[in-house]
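Containing mmCIF, C-alpha atoms, pLDDT in the B column; chains and numbers go by the auth columns: model_21.cif.
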```
data_final
#
loop_
_atom_site.group_PDB
_atom_site.id
_atom_site.type_symbol
_atom_site.label_atom_id
_atom_site.label_comp_id
_atom_site.label_asym_id
_atom_site.label_seq_id
_atom_site.Cartn_x
_atom_site.Cartn_y
_atom_site.Cartn_z
_atom_site.B_iso_or_equiv
_atom_site.auth_seq_id
_atom_site.auth_asym_id
ATOM 1 C CA MET A 1 16.203 -13.918 36.986 54.00 85 A
ATOM 2 C CA VAL A 2 13.990 -10.920 36.325 60.00 86 A
ATOM 3 C CA LYS A 3 10.295 -11.665 35.857 67.00 87 A
ATOM 4 C CA ILE A 4 8.626 -9.450 33.280 68.00 88 A
ATOM 5 C CA SER A 5 4.907 -8.971 33.775 69.00 89 A
ATOM 6 C CA GLY A 6 4.191 -6.757 30.779 70.00 90 A
ATOM 7 C CA LEU A 7 1.275 -4.363 30.525 71.00 91 A
ATOM 8 C CA THR A 8 -2.217 -5.007 31.741 74.00 92 A
ATOM 9 C CA THR A 9 -4.984 -5.132 29.159 72.00 93 A
ATOM 10 C CA ALA A 10 -6.346 -1.799 30.409 80.00 94 A
ATOM 11 C CA GLN A 11 -2.915 -0.140 30.089 78.00 95 A
ATOM 12 C CA ALA A 12 -2.463 -1.578 26.609 75.00 96 A
ATOM 13 C CA ASN A 13 -5.877 -0.319 25.475 76.00 97 A
ATOM 14 C CA GLU A 14 -5.163 3.104 26.933 82.00 98 A
ATOM 15 C CA LYS A 15 -1.828 3.337 25.118 76.00 99 A
ATOM 16 C CA LEU A 16 -3.358 1.999 21.908 75.00 100 A
ATOM 17 C CA ASN A 17 -5.918 4.812 22.048 79.00 101 A
ATOM 18 C CA LYS A 18 -3.178 7.342 22.822 81.00 102 A
ATOM 19 C CA PHE A 19 -0.597 6.291 20.199 75.00 103 A
ATOM 20 C CA GLY A 20 -2.838 4.679 17.581 73.00 104 A
ATOM 21 C CA PRO A 21 -2.523 1.278 15.898 70.00 105 A
ATOM 22 C CA ASN A 22 0.674 -0.140 14.420 66.00 106 A
ATOM 23 C CA LYS A 23 -0.439 0.060 10.782 67.00 107 A
ATOM 24 C CA LEU A 24 0.881 1.580 7.621 62.00 108 A
ATOM 25 C CA ASN A 25 -1.420 4.101 6.037 64.00 109 A
ATOM 26 C CA GLU A 26 -3.268 2.374 3.262 64.00 110 A
ATOM 27 C CA ARG A 27 -2.555 3.949 -0.073 64.00 111 A
ATOM 28 C CA GLN A 28 -5.318 3.810 -2.606 68.00 112 A
ATOM 29 C CA GLY A 29 -4.268 1.603 -5.501 68.00 113 A
ATOM 30 C CA LEU A 30 -3.674 3.551 -8.667 73.00 114 A
ATOM 31 C CA SER A 31 -5.589 2.648 -11.771 83.00 115 A
ATOM 32 C CA PRO A 32 -3.476 2.096 -14.892 84.00 116 A
ATOM 33 C CA ILE A 33 -4.680 5.403 -16.375 88.00 117 A
ATOM 34 C CA LYS A 34 -3.722 7.376 -13.250 87.00 118 A
ATOM 35 C CA LEU A 35 -0.373 5.595 -13.133 86.00 119 A
ATOM 36 C CA LEU A 36 0.321 6.603 -16.732 86.00 120 A
ATOM 37 C CA ILE A 37 -0.769 10.213 -16.141 88.00 121 A
ATOM 38 C CA ASN A 38 1.428 10.481 -13.025 85.00 122 A
ATOM 39 C CA GLN A 39 4.343 9.078 -14.971 84.00 123 A
ATOM 40 C CA LEU A 40 3.894 11.612 -17.782 86.00 124 A
ATOM 41 C CA ARG A 41 3.464 14.530 -15.369 88.00 125 A
ATOM 42 C CA LYS A 42 6.669 13.813 -13.452 85.00 126 A
ATOM 43 C CA ASN A 43 9.012 13.181 -16.372 85.00 127 A
ATOM 44 C CA TYR A 44 10.112 16.483 -17.919 89.00 128 A
ATOM 45 C CA LEU A 45 12.514 14.794 -20.317 91.00 129 A
ATOM 46 C CA ILE A 46 9.514 13.413 -22.196 92.00 130 A
ATOM 47 C CA TYR A 47 8.330 16.995 -22.798 93.00 131 A
ATOM 48 C CA LEU A 48 11.784 17.893 -24.084 94.00 132 A
ATOM 49 C CA PHE A 49 11.862 14.932 -26.474 94.00 133 A
ATOM 50 C CA VAL A 50 8.332 15.598 -27.769 94.00 134 A
ATOM 51 C CA PHE A 51 9.322 19.228 -28.364 95.00 135 A
ATOM 52 C CA THR A 52 12.455 18.036 -30.178 96.00 136 A
ATOM 53 C CA ALA A 53 10.365 15.685 -32.332 96.00 137 A
ATOM 54 C CA ALA A 54 7.943 18.513 -33.172 96.00 138 A
ATOM 55 C CA LEU A 55 10.881 20.735 -34.061 96.00 139 A
ATOM 56 C CA SER A 56 12.269 17.970 -36.299 96.00 140 A
ATOM 57 C CA PHE A 57 8.942 17.724 -38.142 95.00 141 A
ATOM 58 C CA PHE A 58 8.846 21.520 -38.484 96.00 142 A
ATOM 59 C CA VAL A 59 12.333 21.631 -40.012 96.00 143 A
ATOM 60 C CA GLY A 60 11.511 18.819 -42.414 94.00 144 A
ATOM 61 C CA LYS A 61 13.407 15.966 -40.738 95.00 145 A
ATOM 62 C CA THR A 62 10.436 13.621 -40.528 95.00 146 A
ATOM 63 C CA VAL A 63 12.521 10.469 -40.131 96.00 147 A
ATOM 64 C CA THR A 64 14.287 11.970 -37.118 95.00 148 A
ATOM 65 C CA GLY A 65 10.949 13.129 -35.671 96.00 149 A
ATOM 66 C CA TRP A 66 9.411 9.662 -35.994 97.00 150 A
ATOM 67 C CA ALA A 67 12.538 8.055 -34.519 97.00 151 A
ATOM 68 C CA ILE A 68 12.403 10.353 -31.482 96.00 152 A
ATOM 69 C CA LEU A 69 8.660 9.763 -30.987 96.00 153 A
ATOM 70 C CA SER A 70 9.075 5.991 -31.248 97.00 154 A
ATOM 71 C CA ILE A 71 11.840 6.027 -28.625 95.00 155 A
ATOM 72 C CA VAL A 72 9.674 8.197 -26.337 94.00 156 A
ATOM 73 C CA LEU A 73 6.771 5.753 -26.707 95.00 157 A
ATOM 74 C CA MET A 74 9.032 2.769 -25.959 96.00 158 A
ATOM 75 C CA VAL A 75 10.380 4.466 -22.828 93.00 159 A
ATOM 76 C CA ILE A 76 6.865 5.376 -21.658 93.00 160 A
ATOM 77 C CA GLY A 77 5.641 1.823 -22.279 93.00 161 A
ATOM 78 C CA THR A 78 8.567 0.166 -20.530 94.00 162 A
ATOM 79 C CA THR A 79 8.385 2.449 -17.507 92.00 163 A
ATOM 80 C CA PHE A 80 4.612 2.010 -17.269 92.00 164 A
ATOM 81 C CA ILE A 81 4.910 -1.792 -17.305 94.00 165 A
ATOM 82 C CA GLN A 82 7.591 -1.726 -14.615 93.00 166 A
ATOM 83 C CA GLU A 83 5.603 0.590 -12.330 90.00 167 A
ATOM 84 C CA TYR A 84 2.391 -1.390 -12.834 90.00 168 A
ATOM 85 C CA ARG A 85 4.130 -4.671 -11.962 91.00 169 A
ATOM 86 C CA ALA A 86 5.754 -3.039 -8.924 89.00 170 A
ATOM 87 C CA GLU A 87 2.336 -1.873 -7.659 85.00 171 A
ATOM 88 C CA LYS A 88 0.955 -5.402 -8.043 86.00 172 A
ATOM 89 C CA ALA A 89 3.996 -6.868 -6.238 87.00 173 A
ATOM 90 C CA ILE A 90 3.598 -4.432 -3.333 82.00 174 A
ATOM 91 C CA ASN A 91 -0.064 -5.343 -2.966 79.00 175 A
ATOM 92 C CA SER A 92 0.679 -9.073 -2.954 81.00 176 A
ATOM 93 C CA LEU A 93 3.484 -8.572 -0.390 79.00 177 A
ATOM 94 C CA LYS A 94 1.064 -6.723 1.892 74.00 178 A
ATOM 95 C CA ASN A 95 -1.186 -9.771 1.848 71.00 179 A
ATOM 96 C CA MET A 96 1.711 -12.062 2.843 72.00 180 A
ATOM 97 C CA ILE A 97 2.755 -10.135 5.961 71.00 181 A
ATOM 98 C CA LEU A 98 2.434 -12.159 9.147 65.00 182 A
ATOM 99 C CA SER A 99 0.268 -10.130 11.465 71.00 183 A
ATOM 100 C CA LEU A 100 0.711 -11.857 14.840 74.00 184 A
ATOM 101 C CA SER A 101 3.150 -10.843 17.581 73.00 185 A
ATOM 102 C CA ILE A 102 4.013 -12.631 20.802 76.00 186 A
ATOM 103 C CA LEU A 103 4.075 -10.450 23.900 72.00 187 A
ATOM 104 C CA ILE A 104 3.532 -10.566 27.639 73.00 188 A
ATOM 105 C CA ARG A 105 0.260 -9.123 28.838 74.00 189 A
ATOM 106 C CA ASN A 106 -1.035 -9.470 32.416 73.00 190 A
ATOM 107 C CA GLY A 107 2.025 -11.619 33.185 75.00 191 A
ATOM 108 C CA LYS A 108 1.169 -14.229 30.526 78.00 192 A
ATOM 109 C CA GLU A 109 2.541 -14.766 27.055 79.00 193 A
ATOM 110 C CA ARG A 110 -0.073 -14.029 24.383 77.00 194 A
ATOM 111 C CA LYS A 111 -0.374 -13.767 20.629 80.00 195 A
ATOM 112 C CA VAL A 112 -1.787 -10.425 19.557 75.00 196 A
ATOM 113 C CA GLU A 113 -2.533 -8.947 16.168 74.00 197 A
ATOM 114 C CA SER A 114 0.362 -6.668 15.196 70.00 198 A
ATOM 115 C CA SER A 115 -1.995 -3.829 14.303 67.00 199 A
ATOM 116 C CA LYS A 116 -3.069 -3.731 17.978 69.00 200 A
ATOM 117 C CA LEU A 117 0.484 -2.879 19.058 71.00 201 A
ATOM 118 C CA PHE A 118 1.939 0.606 19.264 66.00 202 A
ATOM 119 C CA LEU A 119 5.398 2.114 18.941 59.00 203 A
ATOM 120 C CA GLU A 120 6.127 2.184 22.667 54.00 204 A
ATOM 121 C CA ILE A 121 5.805 -1.621 22.919 50.00 205 A
ATOM 122 C CA SER A 122 8.455 -2.198 20.260 50.00 206 A
ATOM 123 C CA LEU A 123 10.832 0.267 21.893 49.00 207 A
ATOM 124 C CA SER A 124 10.193 -1.152 25.377 53.00 208 A
ATOM 125 C CA CYS A 125 10.796 -4.716 24.210 53.00 209 A
ATOM 126 C CA THR A 126 14.070 -3.745 22.573 49.00 210 A
ATOM 127 C CA LEU A 127 15.250 -1.903 25.677 44.00 211 A
ATOM 128 C CA ALA A 128 14.183 -4.756 27.989 48.00 212 A
ATOM 129 C CA LYS A 129 15.998 -7.305 25.831 46.00 213 A
ATOM 130 C CA GLU A 130 19.164 -5.190 25.859 45.00 214 A
ATOM 131 C CA TYR A 131 18.858 -4.733 29.639 45.00 215 A
ATOM 132 C CA LEU A 132 18.508 -8.491 30.212 46.00 216 A
ATOM 133 C CA GLN A 133 21.511 -9.199 27.988 46.00 217 A
ATOM 134 C CA MET A 134 23.621 -6.778 30.036 47.00 218 A
ATOM 135 C CA GLU A 135 22.874 -8.614 33.303 46.00 219 A
#
```
What's the C-alpha cells form of this structure?
Amino acid sequence: MVKISGLTTAQANEKLNKFGPNKLNERQGLSPIKLLINQLRKNYLIYLFVFTAALSFFVGKTVTGWAILSIVLMVIGTTFIQEYRAEKAINSLKNMILSLSILIRNGKERKVESSKLFLEISLSCTLAKEYLQME
C-alpha cells in the first residue's frame, strides 16, 4: 500500500502565501434601498410600462394608465421581496457552511480550517484518490 505523507507545514504555508486562501470574496450586503435601485436600473421593461402609462394619461385613458401603474408596482414589489429574501437566505447559508477539512500534513491526519487550504490541495487530493483507485 502507498503511504501518503502530505505536505509539511512549511510547504503548506508557502503555497498558501503563493495561491491565497480558499475563500469566496465577501460581497457587501445590499441595503433594501440599494437592492430596489439596482432592480429598477436593470429592468428596462419597467421604463417601457411607465412610458406607456404616461402616454395613456396623456391620451385621456386614465383607467388604463392607473391599471398599468398598479401592475408595475405589484411586479416591483414582488420582485423586491423575492430578491431580499434570497439575500437573507444566502447570508444564513454562509453561516451554516462547515469550515473544517481533514488532510494529511507532516505524515499525520489533521483537521484544518478550509480557508487555510488552497486550490492545489483539492486538485492533488482528487488526483491521488484517482491514482490509488487505479492500483
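Note that the spacing between CA of Leu139 in chain A and CA of Ile121 in chain A amounts to 23.8 Å.
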For this structure, which residues satisfy the selection - the PyMOL selection byres ((chain A and resi 122-133) around 12) - when it is evaluated on the file as given? I want them as a PDB file with C-alpha atoms, keeping the file's coordinate frame.
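Saved the output as out17.pdb:
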```pdb
ATOM      1  CA  LEU A 114      -3.674   3.551  -8.667  1.00 73.00           C
ATOM      2  CA  SER A 115      -5.589   2.648 -11.771  1.00 83.00           C
ATOM      3  CA  PRO A 116      -3.476   2.096 -14.892  1.00 84.00           C
ATOM      4  CA  ILE A 117      -4.680   5.403 -16.375  1.00 88.00           C
ATOM      5  CA  LYS A 118      -3.722   7.376 -13.250  1.00 87.00           C
ATOM      6  CA  LEU A 119      -0.373   5.595 -13.133  1.00 86.00           C
ATOM      7  CA  LEU A 120       0.321   6.603 -16.732  1.00 86.00           C
ATOM      8  CA  ILE A 121      -0.769  10.213 -16.141  1.00 88.00           C
ATOM      9  CA  VAL A 134       8.332  15.598 -27.769  1.00 94.00           C
ATOM     10  CA  PHE A 135       9.322  19.228 -28.364  1.00 95.00           C
ATOM     11  CA  THR A 136      12.455  18.036 -30.178  1.00 96.00           C
ATOM     12  CA  ALA A 137      10.365  15.685 -32.332  1.00 96.00           C
ATOM     13  CA  ALA A 138       7.943  18.513 -33.172  1.00 96.00           C
ATOM     14  CA  LEU A 139      10.881  20.735 -34.061  1.00 96.00           C
ATOM     15  CA  SER A 140      12.269  17.970 -36.299  1.00 96.00           C
ATOM     16  CA  THR A 148      14.287  11.970 -37.118  1.00 95.00           C
ATOM     17  CA  GLY A 149      10.949  13.129 -35.671  1.00 96.00           C
ATOM     18  CA  TRP A 150       9.411   9.662 -35.994  1.00 97.00           C
ATOM     19  CA  ALA A 151      12.538   8.055 -34.519  1.00 97.00           C
ATOM     20  CA  ILE A 152      12.403  10.353 -31.482  1.00 96.00           C
ATOM     21  CA  LEU A 153       8.660   9.763 -30.987  1.00 96.00           C
ATOM     22  CA  SER A 154       9.075   5.991 -31.248  1.00 97.00           C
ATOM     23  CA  ILE A 155      11.840   6.027 -28.625  1.00 95.00           C
ATOM     24  CA  VAL A 156       9.674   8.197 -26.337  1.00 94.00           C
ATOM     25  CA  LEU A 157       6.771   5.753 -26.707  1.00 95.00           C
ATOM     26  CA  MET A 158       9.032   2.769 -25.959  1.00 96.00           C
ATOM     27  CA  VAL A 159      10.380   4.466 -22.828  1.00 93.00           C
ATOM     28  CA  ILE A 160       6.865   5.376 -21.658  1.00 93.00           C
ATOM     29  CA  GLY A 161       5.641   1.823 -22.279  1.00 93.00           C
ATOM     30  CA  THR A 162       8.567   0.166 -20.530  1.00 94.00           C
ATOM     31  CA  THR A 163       8.385   2.449 -17.507  1.00 92.00           C
ATOM     32  CA  PHE A 164       4.612   2.010 -17.269  1.00 92.00           C
ATOM     33  CA  ILE A 165       4.910  -1.792 -17.305  1.00 94.00           C
ATOM     34  CA  GLN A 166       7.591  -1.726 -14.615  1.00 93.00           C
ATOM     35  CA  GLU A 167       5.603   0.590 -12.330  1.00 90.00           C
ATOM     36  CA  TYR A 168       2.391  -1.390 -12.834  1.00 90.00           C
TER      37      TYR A 168
END
```
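Distance-wise, CA of Ile188 in chain A and CA of Thr92 in chain A end up 9.0 Å apart.
In this comparison, which uses only C-alpha atoms, the residue of A:Phe142, A:Leu201, A:Asn97, A:Phe103 approaching Leu187 in chain A most closely is A:Leu201.
Rounded to one decimal, CA of Lys195 in chain A and CA of Ser183 in chain A lie 9.9 Å from each other.
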